[in-house]
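Beneath this line is the structure, given in structure tokens, with notes to follow.
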Amino acid sequence: MAQETHRSGPLKQRNKSHKTGRHRSKGQVDTAMKGRVDVKSLSKHMQKKQRKADRRNHAIQRRKIKRQEVLAKKRSIGGKNTAPHLVLLLSLHTSINARKVLDQIVSCDSDNKLHEGSTDNIFNVSVPKFKKRLTFALPPADLSSILDIAKVADSILAVMPPTKAWDEWGELCLSSLFAQGLPTTTVTAQGLVDVPVKKRNEIRKALHKAVERRFPESKFFPCDSDQEGKNLLRHLCHQGIKSLRWRQTRPHLLVETSEFVPREGNESVGTLKVTGYLRGPPLSVNGLVHLTGLGDFQMTQIDTAHDLCPLTQRSNNADSKDDPKGEEEVVMDEGVTMLERADPAKQESLVTEAEIDPMEGEQTWPTQEELDDADQALLKEKEAVVKKVPSGTSDYQASWIIESDHEDNDSDSDDGEENSDEEMVAQGDGSDTETASIAGTENMESETMSITGGNKANYDVNFDEEMELEMLNKYRAERMNEAFPDEMDTPMDILAKTRFARYRGLKSFRTSPWDPKENLPMDYARIFQFQDFNRAKKRALAKPSEGIAEHGNCITVHIDSVPKAMIDSCPSGHPLILFGLLPHEQKMSVMHFAIKRHSSCEEPVKSKERLTFQVGYRRFSACPIFSEHTVGTKHKYERFLPKDTSVTVASVYSPVCFPPSSVMVFKENSSGSHSLVATGTALGSSPDRVVVKRVVLSGHPFKIMNRTAVVRYMFFNREDILWFKPVELRTKWGRRGHIKEPLGTHGHMKCIFDGGLKSQDTILMNLFKRMYPKWTYDPTGGSAVQITPKTLSEIVKRDMGMLLDE
């Protein structure tokens with residue numbers, strides 16, 4: 001029987017055939033190729049098939065590479081051919097002696113060897129059991145010493161008492177280290193054996209809880225027995241190291257030995273030879289180095305040095321313990337060789353300031369009348385003006401010295417409580433009278449010195465009534481500024497247009513234009529400006545070092561032209577830290593720092609008050625100006641450092657320091673000690689940042705007629721009203737208006753507003769002026785920050801007394 005085929009009915013769906021257009025279909029291409037395959041399509045096909053296997057293999061290779069990098073990073077610290085693991089021993093309580101913990105760590109294993117340290121605070125220990133070398137730095141009870149060693153330390157070993165985690169001194173040290181950048185931290189406690197057995201577990205849990213709250217990634221290790229000491233030592237040798245970003249790109253060295261060689265014919269200047277282990281990138285002899293608290297210097301040569309911490313070989317047999325030859329040094333003493341000598345053609349210059357060209361700029365030839373007027377004005381100035389000049393200055397030299405007191409008084413008198421003596425701190429603490437300032441110039445030296453009083457045990461004897469009165473005025477001025485921000489009374493003895501001649505009115509603080517190159521001060525001719533700071537930063541960080549001395553080498557650096565007075569002024573026991581500079585980091589510019597007030601600071605901090613800055617590896621003193629941290633083109637000037645948690649920008653003249661860099665700000669007290677004021681980070685260099693100071697003049701409505709009002713007490717003469725007539729007015733209740741005309745001669749004026757006024761409203765006028773920092777940079781002013789447990793307790797007692805008085 002024949003099979004019947006299916007026949008579609010009339011309702012079968014018929015799809016349209018595919019229209020390939022101008023190109024051939026895939027079937028037509030396959031028919032034409034007759035089985036031949038294109039090379040390109042074949043490679044794509046095979047790549048698609050092998051993609052999964054390739055991804056798996058690539059992931060395995062990346063995992064291996066990362067593991068090798070981690071192992072190499074671990075082995076690069078504390079190994080035989082690398083720098084020893086630098087550990088900072090930090091006591092978090094004044095009753096703890098960290099030296100006992102060090103003795104317990106060294107004596108926990110008989111193979112450990114403590115090498116003879118070059119200084120009293122640096123101890124080199126070799127651990128043959130783990131094939132590691134460690135350097136323990138035990139700084140004195142001084143915050144600046146602790147911070148300096150923490151800049152180069154690989155890890156920190158914090159020691160706590162068994163009764164309390166840390167006291168006020170430990171809290172200050174921890175908060176300062178967190179602000180600077182905290183390396184890998186390990187916490188230990190000694191003395192738990194002396195605690196009663198019933199309370200031992202409870203105290204141990206409390207210590208664990210306190211450590212986890214402050215150090216979430218750290219571990220707690222007791223250190224009372226040899227076994228606990230071995231566990232702590234094993235953890236120190238094999239722990240992971242957390243690197244700090246701001247020091248990764250700069251070579252650094254902890255000086256273990258130093259020698260000063262005077263120069264022939266001039267013993268006040270010489271060569272300083274410092275020896276230690278180099279860490280970080282290679283160090284080039286043609287670059288510059290910075291000694292913390294001393295300044296920037298050039299190098300003459302770099303030599304290899306004898307290994308200060310040779311790794312000893314561990315004895316395998318038990319019988320060899322009694323044999324004195326069981327310990328054999330692996331690294332033998334070698335002769336000292338010179339690695340690199342400075343090339344004068346390639347050596348980096350120490351020039352920090354740009355050359356000033358007073359003839360640069362547009363000039364017009366004066367007429368004869370202008371020359372005669374200038375001669376008459378010069379004669380009057382010679383008769384009336386008394387200048388402060390160095391001793392031995394001739395009349396011709398004195399005529400070229402710019403006396404900036406008048407300008408300072410003009411800028412500082414914007415605040416009723418500011419004086420020129422407080423403004424220019426670099427001139428010293430003189431009296432307010434002109435007679436005293438003139439009398440003090442008889443024996444004036446050409447350099448500035450900071451004289452501070454010593455610490456006295458009796459608080460009453462050290463009481464300074466003038467200082468207390470000055471502090472009281474600061475508190476009152478700060479509270480007045482908080483209650484009435486930027487408001488100022490119009491002077492009655494001088495014309496307002498004369499008093500505020502350098503001010504201008506703005507239609508809008510945010511959108512009104514302000515030329516950043518307008519009326520720049522003379523100090524701006526001394527600084528360097530980058531065309532693109534971010535690009536210069538990327539180039540400086542990406543530039544490879546050409547030095548021969550590499551990470552882990554024990555070297556001796558010959559630092560040229562070091563003043564002997566600087567070396568003699570260094571406190572005994574204070575560590576010496578060396579950092580290599582990146583390109584352009586020795587040049588002066590306008591630096592901006594984003595800072596926030598520290599919780600322990602309660603005193604008012606005035607703008608242009610001398611403070612000590614620690615920016616990364618550099619420490620100096622300067623008088624900053626504060627401004628708001630905003631994103632606009634203009635930034636409002638702050639008279640005081642805000643008490644809230646808002647971020648403020650501090651601007652100073654200082655050497656360039658490429659971010660990221662931590663910033664810490666200290667203030668010197670009347671006793672000579674310091675207190676931590678603020679912490680933050682570096683923003684960068686920008687001389688074009690416009691900091692605008694605002695002054696608010698206030699008036700009161702005398703008569704109100706709908707939108708028109710008669711205002712008084714803003715000005716006191718007709719001439720000032722006509723001068724400030726174009727400036728816009730505003731009220732505290734949101735009205736805006738302008739001056740229509742003056743009424744009479746006693747300062748009354750008719751004003752028109754955009755709405756009706758209330759009798760209790762206040763009329764305001766905003767005036768603005770650009771502010772510039774003062775050239776008060778002192779590279780050695782912050783050589784050492786005097787904060788010790790004793791000075792900290794005095795500050796706490798003083799603050800408690802002030803709170804009780806309030």
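In the structure tokens, the first chain shown is A, the next is B, and so on; residue numbers restart at 1 for each chain, and ligands run from 1 in the order shown.
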
All residues 12 Å or closer to region 264-275 of chain A, only C-alpha atoms, same chain fewer than 3 positions away omitted, as a tab-separated table (two decimals) with C-alpha atoms, in the first residue's frame:
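Output file result.tsv is given in full below:
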chain	number	residue	atom	x	y	z
A	118	SER	CA	75.19	51.91	68.41
A	119	THR	CA	72.91	54.06	70.57
A	252	HIS	CA	64.27	56.37	54.19
A	253	LEU	CA	66.84	55.43	56.78
A	254	LEU	CA	67.01	55.26	60.58
A	255	VAL	CA	70.41	56.60	61.60
A	256	GLU	CA	72.15	54.16	63.95
A	257	THR	CA	75.60	55.77	64.00
A	258	SER	CA	76.63	59.30	63.09
A	259	GLU	CA	79.90	61.20	62.91
A	260	PHE	CA	80.50	64.89	62.27
A	261	VAL	CA	83.68	65.82	60.39
A	278	LEU	CA	68.25	51.79	53.61
A	289	VAL	CA	67.96	64.27	51.49
A	291	LEU	CA	66.93	65.28	58.05
A	297	PHE	CA	70.99	68.86	52.30
A	298	GLN	CA	73.11	67.55	49.44
A	299	MET	CA	75.21	64.38	49.50
A	300	THR	CA	78.81	63.95	48.45
A	301	GLN	CA	79.07	60.16	48.36
A	302	ILE	CA	77.51	56.89	49.55
A	303	ASP	CA	79.62	54.04	50.96
A	304	THR	CA	78.88	50.51	52.03
A	305	ALA	CA	79.14	49.86	55.76
A	306	HIS	CA	79.76	46.86	57.96
A	307	ASP	CA	76.65	44.90	58.78
A	308	LEU	CA	75.36	46.16	62.11
A	553	ASN	CA	71.87	47.78	52.06
A	554	CYS	CA	73.75	48.97	55.13
A	555	ILE	CA	75.24	52.22	53.89
A	556	THR	CA	77.02	55.35	55.08
A	557	VAL	CA	75.74	58.61	53.62
A	558	HIS	CA	78.03	61.66	53.54
A	559	ILE	CA	75.83	64.75	53.98
A	560	ASP	CA	77.51	67.98	52.93
A	561	SER	CA	77.43	71.46	54.53
A	562	VAL	CA	75.72	70.59	57.81
A	563	PRO	CA	76.01	73.34	60.46
A	564	LYS	CA	77.60	72.12	63.68
A	565	ALA	CA	75.14	74.21	65.71
A	566	MET	CA	72.26	72.10	64.37
A	567	ILE	CA	73.92	68.88	65.48
A	568	ASP	CA	74.67	70.31	68.92
A	575	PRO	CA	66.42	59.69	66.80
A	576	LEU	CA	67.76	61.03	63.52
A	577	ILE	CA	65.69	60.17	60.45
A	578	LEU	CA	66.82	60.58	56.82

Show me a table, sorted first by chain and then by increasing residue number, of the residues of region 547-622 of chain A having an atom at most 12 Å from region 139-149 of chain A, each with its shortest atom pair and the distance in Å to one decimal, counting only C-alpha atoms and written as CSV.
residue,atom,partner,partner_atom,distance
A:Cys570,CA,A:Ser145,CA,11.4
A:Pro571,CA,A:Ser145,CA,10.0
A:Ser572,CA,A:Pro140,CA,9.6
A:Gly573,CA,A:Pro140,CA,6.9
A:His574,CA,A:Ser145,CA,5.7
A:Pro575,CA,A:Ser145,CA,6.2
A:Leu576,CA,A:Asp148,CA,8.0
A:Ile577,CA,A:Asp148,CA,6.8
A:Leu578,CA,A:Asp148,CA,10.0
A:Phe579,CA,A:Asp148,CA,11.2
A:Thr612,CA,A:Ser144,CA,11.6
A:Phe613,CA,A:Ser144,CA,11.7
A:Gln614,CA,A:Leu147,CA,9.7
A:Val615,CA,A:Asp148,CA,11.7
A:Gly616,CA,A:Asp148,CA,9.9
A:Tyr617,CA,A:Asp148,CA,8.0
A:Arg618,CA,A:Asp148,CA,9.9
A:Arg619,CA,A:Ser144,CA,9.9

DSSP says strand (DSSP E) for which residues of region 152-334 of chain A? Put them as a PyMOL selection string? chain A and resi 155-160+184-189+220-222+252-254+257-263+266-279+288-291+295-304+312-313+328-329

If we count only C-alpha atoms, what is near Arg526 (chain A) at a cut-off of 7 Å, once residues fewer than 6 positions away on the same chain are taken out, given as a PDB file with N, CA and C atoms, in the first residue's frame?
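selection.pdb, freshly written:
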ATOM      1  N   GLU A 353      63.989  79.215  46.494  1.00  0.00           N
ATOM      2  CA  GLU A 353      63.187  80.370  46.134  1.00  0.00           C
ATOM      3  C   GLU A 353      63.568  80.849  44.734  1.00  0.00           C
ATOM      4  N   ALA A 354      62.591  81.417  44.056  1.00  0.00           N
ATOM      5  CA  ALA A 354      62.831  81.970  42.728  1.00  0.00           C
ATOM      6  C   ALA A 354      63.491  83.334  42.853  1.00  0.00           C
ATOM      7  N   GLU A 355      64.231  83.696  41.834  1.00  0.00           N
ATOM      8  CA  GLU A 355      64.896  84.997  41.825  1.00  0.00           C
ATOM      9  C   GLU A 355      63.867  86.097  41.554  1.00  0.00           C
ATOM     10  N   ILE A 356      63.951  87.153  42.337  1.00  0.00           N
ATOM     11  CA  ILE A 356      63.012  88.266  42.217  1.00  0.00           C
ATOM     12  C   ILE A 356      63.562  89.290  41.242  1.00  0.00           C
TER      13      ILE A 356
END

DSSP says helix (DSSP H, G or I) for which residues of region 22-234 of chain A? Put them as a VMD selection string? chain A and resid 26 to 33 39 to 75 98 to 107 143 to 152 168 to 180 192 to 194 197 to 214 226 to 234

Which distance in Å separates CA of Pro516 (chain A) and CA of Gly632 (chain A), to one decimal? 13.1 Å

So which residues touch Thr135 (chain A) within 6 Å, counting only C-alpha atoms, skipping near sequence neighbours fewer than 5 positions away, as a ChimeraX atom specification? /A:84-86,123-124

Store the residues of this selection in a file with N, CA, C and O atoms, as a PDB file, in the first residue's frame.
ATOM      1  N   PRO A  84      66.912  44.631  58.483  1.00  0.00           N
ATOM      2  CA  PRO A  84      66.204  44.014  59.611  1.00  0.00           C
ATOM      3  C   PRO A  84      64.799  44.587  59.783  1.00  0.00           C
ATOM      4  O   PRO A  84      64.496  45.699  59.368  1.00  0.00           O
ATOM      5  N   HIS A  85      63.959  43.780  60.385  1.00  0.00           N
ATOM      6  CA  HIS A  85      62.588  44.199  60.683  1.00  0.00           C
ATOM      7  C   HIS A  85      62.633  45.238  61.804  1.00  0.00           C
ATOM      8  O   HIS A  85      63.016  44.929  62.929  1.00  0.00           O
ATOM      9  N   LEU A  86      62.251  46.470  61.488  1.00  0.00           N
ATOM     10  CA  LEU A  86      62.325  47.569  62.453  1.00  0.00           C
ATOM     11  C   LEU A  86      61.024  47.619  63.262  1.00  0.00           C
ATOM     12  O   LEU A  86      59.942  47.812  62.701  1.00  0.00           O
ATOM     13  N   PHE A 123      68.342  48.563  69.386  1.00  0.00           N
ATOM     14  CA  PHE A 123      68.846  47.248  69.754  1.00  0.00           C
ATOM     15  C   PHE A 123      68.655  46.317  68.560  1.00  0.00           C
ATOM     16  O   PHE A 123      67.524  46.118  68.088  1.00  0.00           O
ATOM     17  N   ASN A 124      69.758  45.721  68.072  1.00  0.00           N
ATOM     18  CA  ASN A 124      69.731  44.779  66.948  1.00  0.00           C
ATOM     19  C   ASN A 124      69.763  43.356  67.492  1.00  0.00           C
ATOM     20  O   ASN A 124      70.648  43.001  68.279  1.00  0.00           O
TER      21      ASN A 124
END

Per residue of region 166-186 of chain A within 7 Å of region 87-105 of chain A, which atom pair is closest and at what distance in Å (one decimal), using only C-alpha atoms, listed by chain and increasing number, as a Markdown table?
| residue | atom | partner | partner_atom | distance |
| --- | --- | --- | --- | --- |
| A:Trp166 | CA | A:Leu92 | CA | 5.1 |
| A:Asp167 | CA | A:His93 | CA | 5.6 |
| A:Trp169 | CA | A:His93 | CA | 6.6 |
| A:Gly170 | CA | A:Leu92 | CA | 4.0 |

Could you tell me how far CA of Val590 (chain A) lies from CA of Ser651 (chain A), in Å and to one decimal?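 Taking CA of Val590 (chain A) as the start and CA of Ser651 (chain A) as the end point, the length is 6.7 Å.
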
Near-region 488-493 of chain A list (12 Å; only C-alpha atoms; drop same-chain fewer than 2 positions) as number ranges by chain: A: 413-417, 477, 480-481, 484-486, 495-500, 694-699, 712-717, 720, 746-747, 764-767

May I have the residues from that selection written out with N, CA and C atoms, as an mmCIF file, in the first residue's frame?
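Result file follows (again_39.cif):
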data_model
loop_
_atom_site.group_PDB
_atom_site.id
_atom_site.type_symbol
_atom_site.label_atom_id
_atom_site.label_comp_id
_atom_site.auth_asym_id
_atom_site.auth_seq_id
_atom_site.Cartn_x
_atom_site.Cartn_y
_atom_site.Cartn_z
ATOM 1 N N SER A 413 44.056 95.106 61.253
ATOM 2 C CA SER A 413 43.082 95.918 61.967
ATOM 3 C C SER A 413 41.668 95.655 61.495
ATOM 4 N N ASP A 414 41.484 94.704 60.565
ATOM 5 C CA ASP A 414 40.135 94.349 60.164
ATOM 6 C C ASP A 414 39.370 93.746 61.332
ATOM 7 N N ASP A 415 40.038 93.041 62.212
ATOM 8 C CA ASP A 415 39.417 92.544 63.433
ATOM 9 C C ASP A 415 39.720 93.520 64.553
ATOM 10 N N GLY A 416 38.725 93.803 65.363
ATOM 11 C CA GLY A 416 38.933 94.774 66.420
ATOM 12 C C GLY A 416 39.947 94.333 67.443
ATOM 13 N N GLU A 417 40.090 93.016 67.598
ATOM 14 C CA GLU A 417 40.986 92.527 68.639
ATOM 15 C C GLU A 417 42.352 92.160 68.121
ATOM 16 N N ALA A 477 36.981 86.977 71.915
ATOM 17 C CA ALA A 477 36.909 87.248 70.480
ATOM 18 C C ALA A 477 36.334 86.062 69.724
ATOM 19 N N MET A 480 32.591 85.994 70.375
ATOM 20 C CA MET A 480 31.945 87.073 69.641
ATOM 21 C C MET A 480 31.857 86.753 68.152
ATOM 22 N N ASN A 481 32.896 86.113 67.616
ATOM 23 C CA ASN A 481 32.868 85.734 66.209
ATOM 24 C C ASN A 481 31.830 84.643 65.945
ATOM 25 N N PHE A 484 28.341 86.656 66.294
ATOM 26 C CA PHE A 484 28.146 87.609 65.199
ATOM 27 C C PHE A 484 29.273 87.407 64.184
ATOM 28 N N PRO A 485 29.126 86.431 63.289
ATOM 29 C CA PRO A 485 30.237 86.112 62.382
ATOM 30 C C PRO A 485 30.561 87.264 61.439
ATOM 31 N N ASP A 486 31.817 87.646 61.464
ATOM 32 C CA ASP A 486 32.401 88.639 60.547
ATOM 33 C C ASP A 486 31.847 90.046 60.737
ATOM 34 N N LEU A 495 37.594 107.785 58.277
ATOM 35 C CA LEU A 495 36.620 107.544 57.225
ATOM 36 C C LEU A 495 36.560 106.060 56.885
ATOM 37 N N ALA A 496 35.361 105.570 56.651
ATOM 38 C CA ALA A 496 35.199 104.157 56.312
ATOM 39 C C ALA A 496 35.823 103.831 54.962
ATOM 40 N N LYS A 497 35.798 104.762 54.038
ATOM 41 C CA LYS A 497 36.396 104.483 52.742
ATOM 42 C C LYS A 497 37.922 104.397 52.829
ATOM 43 N N THR A 498 38.497 105.036 53.840
ATOM 44 C CA THR A 498 39.928 104.901 54.079
ATOM 45 C C THR A 498 40.250 103.618 54.818
ATOM 46 N N ARG A 499 39.401 103.322 55.817
ATOM 47 C CA ARG A 499 39.614 102.105 56.614
ATOM 48 C C ARG A 499 39.440 100.841 55.765
ATOM 49 N N PHE A 500 38.466 100.829 54.873
ATOM 50 C CA PHE A 500 38.180 99.661 54.044
ATOM 51 C C PHE A 500 38.530 99.945 52.577
ATOM 52 N N ARG A 694 35.755 88.353 54.703
ATOM 53 C CA ARG A 694 34.502 89.107 54.672
ATOM 54 C C ARG A 694 34.382 89.976 55.921
ATOM 55 N N VAL A 695 33.954 91.204 55.718
ATOM 56 C CA VAL A 695 33.649 92.128 56.809
ATOM 57 C C VAL A 695 32.201 92.573 56.635
ATOM 58 N N VAL A 696 31.437 92.492 57.689
ATOM 59 C CA VAL A 696 30.011 92.828 57.650
ATOM 60 C C VAL A 696 29.805 94.106 58.464
ATOM 61 N N LEU A 697 29.327 95.167 57.806
ATOM 62 C CA LEU A 697 28.962 96.412 58.472
ATOM 63 C C LEU A 697 27.457 96.386 58.729
ATOM 64 N N SER A 698 27.050 96.736 59.916
ATOM 65 C CA SER A 698 25.641 96.625 60.312
ATOM 66 C C SER A 698 25.054 98.013 60.598
ATOM 67 N N GLY A 699 23.794 98.153 60.274
ATOM 68 C CA GLY A 699 23.037 99.361 60.569
ATOM 69 C C GLY A 699 21.633 99.001 61.049
ATOM 70 N N ARG A 712 20.574 104.104 59.993
ATOM 71 C CA ARG A 712 21.627 104.854 60.690
ATOM 72 C C ARG A 712 22.599 103.873 61.330
ATOM 73 N N TYR A 713 23.685 104.406 61.847
ATOM 74 C CA TYR A 713 24.742 103.677 62.575
ATOM 75 C C TYR A 713 25.588 102.764 61.684
ATOM 76 N N MET A 714 25.343 102.728 60.370
ATOM 77 C CA MET A 714 26.247 101.986 59.491
ATOM 78 C C MET A 714 27.426 102.873 59.098
ATOM 79 N N PHE A 715 27.161 104.132 58.806
ATOM 80 C CA PHE A 715 28.192 105.116 58.519
ATOM 81 C C PHE A 715 27.913 106.366 59.349
ATOM 82 N N PHE A 716 28.931 107.235 59.472
ATOM 83 C CA PHE A 716 28.817 108.399 60.327
ATOM 84 C C PHE A 716 29.146 109.700 59.591
ATOM 85 N N ASN A 717 29.247 109.648 58.259
ATOM 86 C CA ASN A 717 29.448 110.866 57.484
ATOM 87 C C ASN A 717 28.902 110.641 56.080
ATOM 88 N N ASP A 720 31.222 108.755 53.200
ATOM 89 C CA ASP A 720 31.265 107.290 53.175
ATOM 90 C C ASP A 720 30.031 106.706 52.508
ATOM 91 N N HIS A 746 25.325 113.260 59.043
ATOM 92 C CA HIS A 746 25.692 112.452 60.220
ATOM 93 C C HIS A 746 25.527 110.959 59.972
ATOM 94 N N GLY A 747 25.462 110.524 58.728
ATOM 95 C CA GLY A 747 25.474 109.100 58.441
ATOM 96 C C GLY A 747 24.119 108.481 58.225
ATOM 97 N N LEU A 764 22.648 94.899 56.694
ATOM 98 C CA LEU A 764 24.043 94.475 56.619
ATOM 99 C C LEU A 764 24.610 94.819 55.258
ATOM 100 N N MET A 765 25.926 95.076 55.252
ATOM 101 C CA MET A 765 26.670 95.306 54.015
ATOM 102 C C MET A 765 27.926 94.441 54.060
ATOM 103 N N ASN A 766 28.118 93.579 53.037
ATOM 104 C CA ASN A 766 29.253 92.669 52.965
ATOM 105 C C ASN A 766 30.361 93.283 52.114
ATOM 106 N N LEU A 767 31.562 93.330 52.675
ATOM 107 C CA LEU A 767 32.753 93.785 51.975
ATOM 108 C C LEU A 767 33.782 92.660 51.995
#

Interatomic distance, CA of Asn112 (chain A) to CA of Thr185 (chain A) (Å, one decimal):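 Calculated distance between CA of Asn112 (chain A) and CA of Thr185 (chain A) is 22.5 Å.
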
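Proximity ranking of A:Met160, A:Val70, A:Cys751, A:Val285 relative to Gly580 (chain A) places A:Val285 first, based on only C-alpha atoms.
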
Best match for closeness to Ser175 (chain A) among A:Gly755, A:Ala678, A:Cys108, A:Val656, counting only C-alpha atoms: A:Ala678

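For Leu683 (chain A), the set of protein, DNA and RNA residues having any atom at most 7 Å away, when counting only C-alpha atoms and skipping those fewer than 5 positions along the same chain, is His592, Phe593, Ala594 and Pro659 of chain A.
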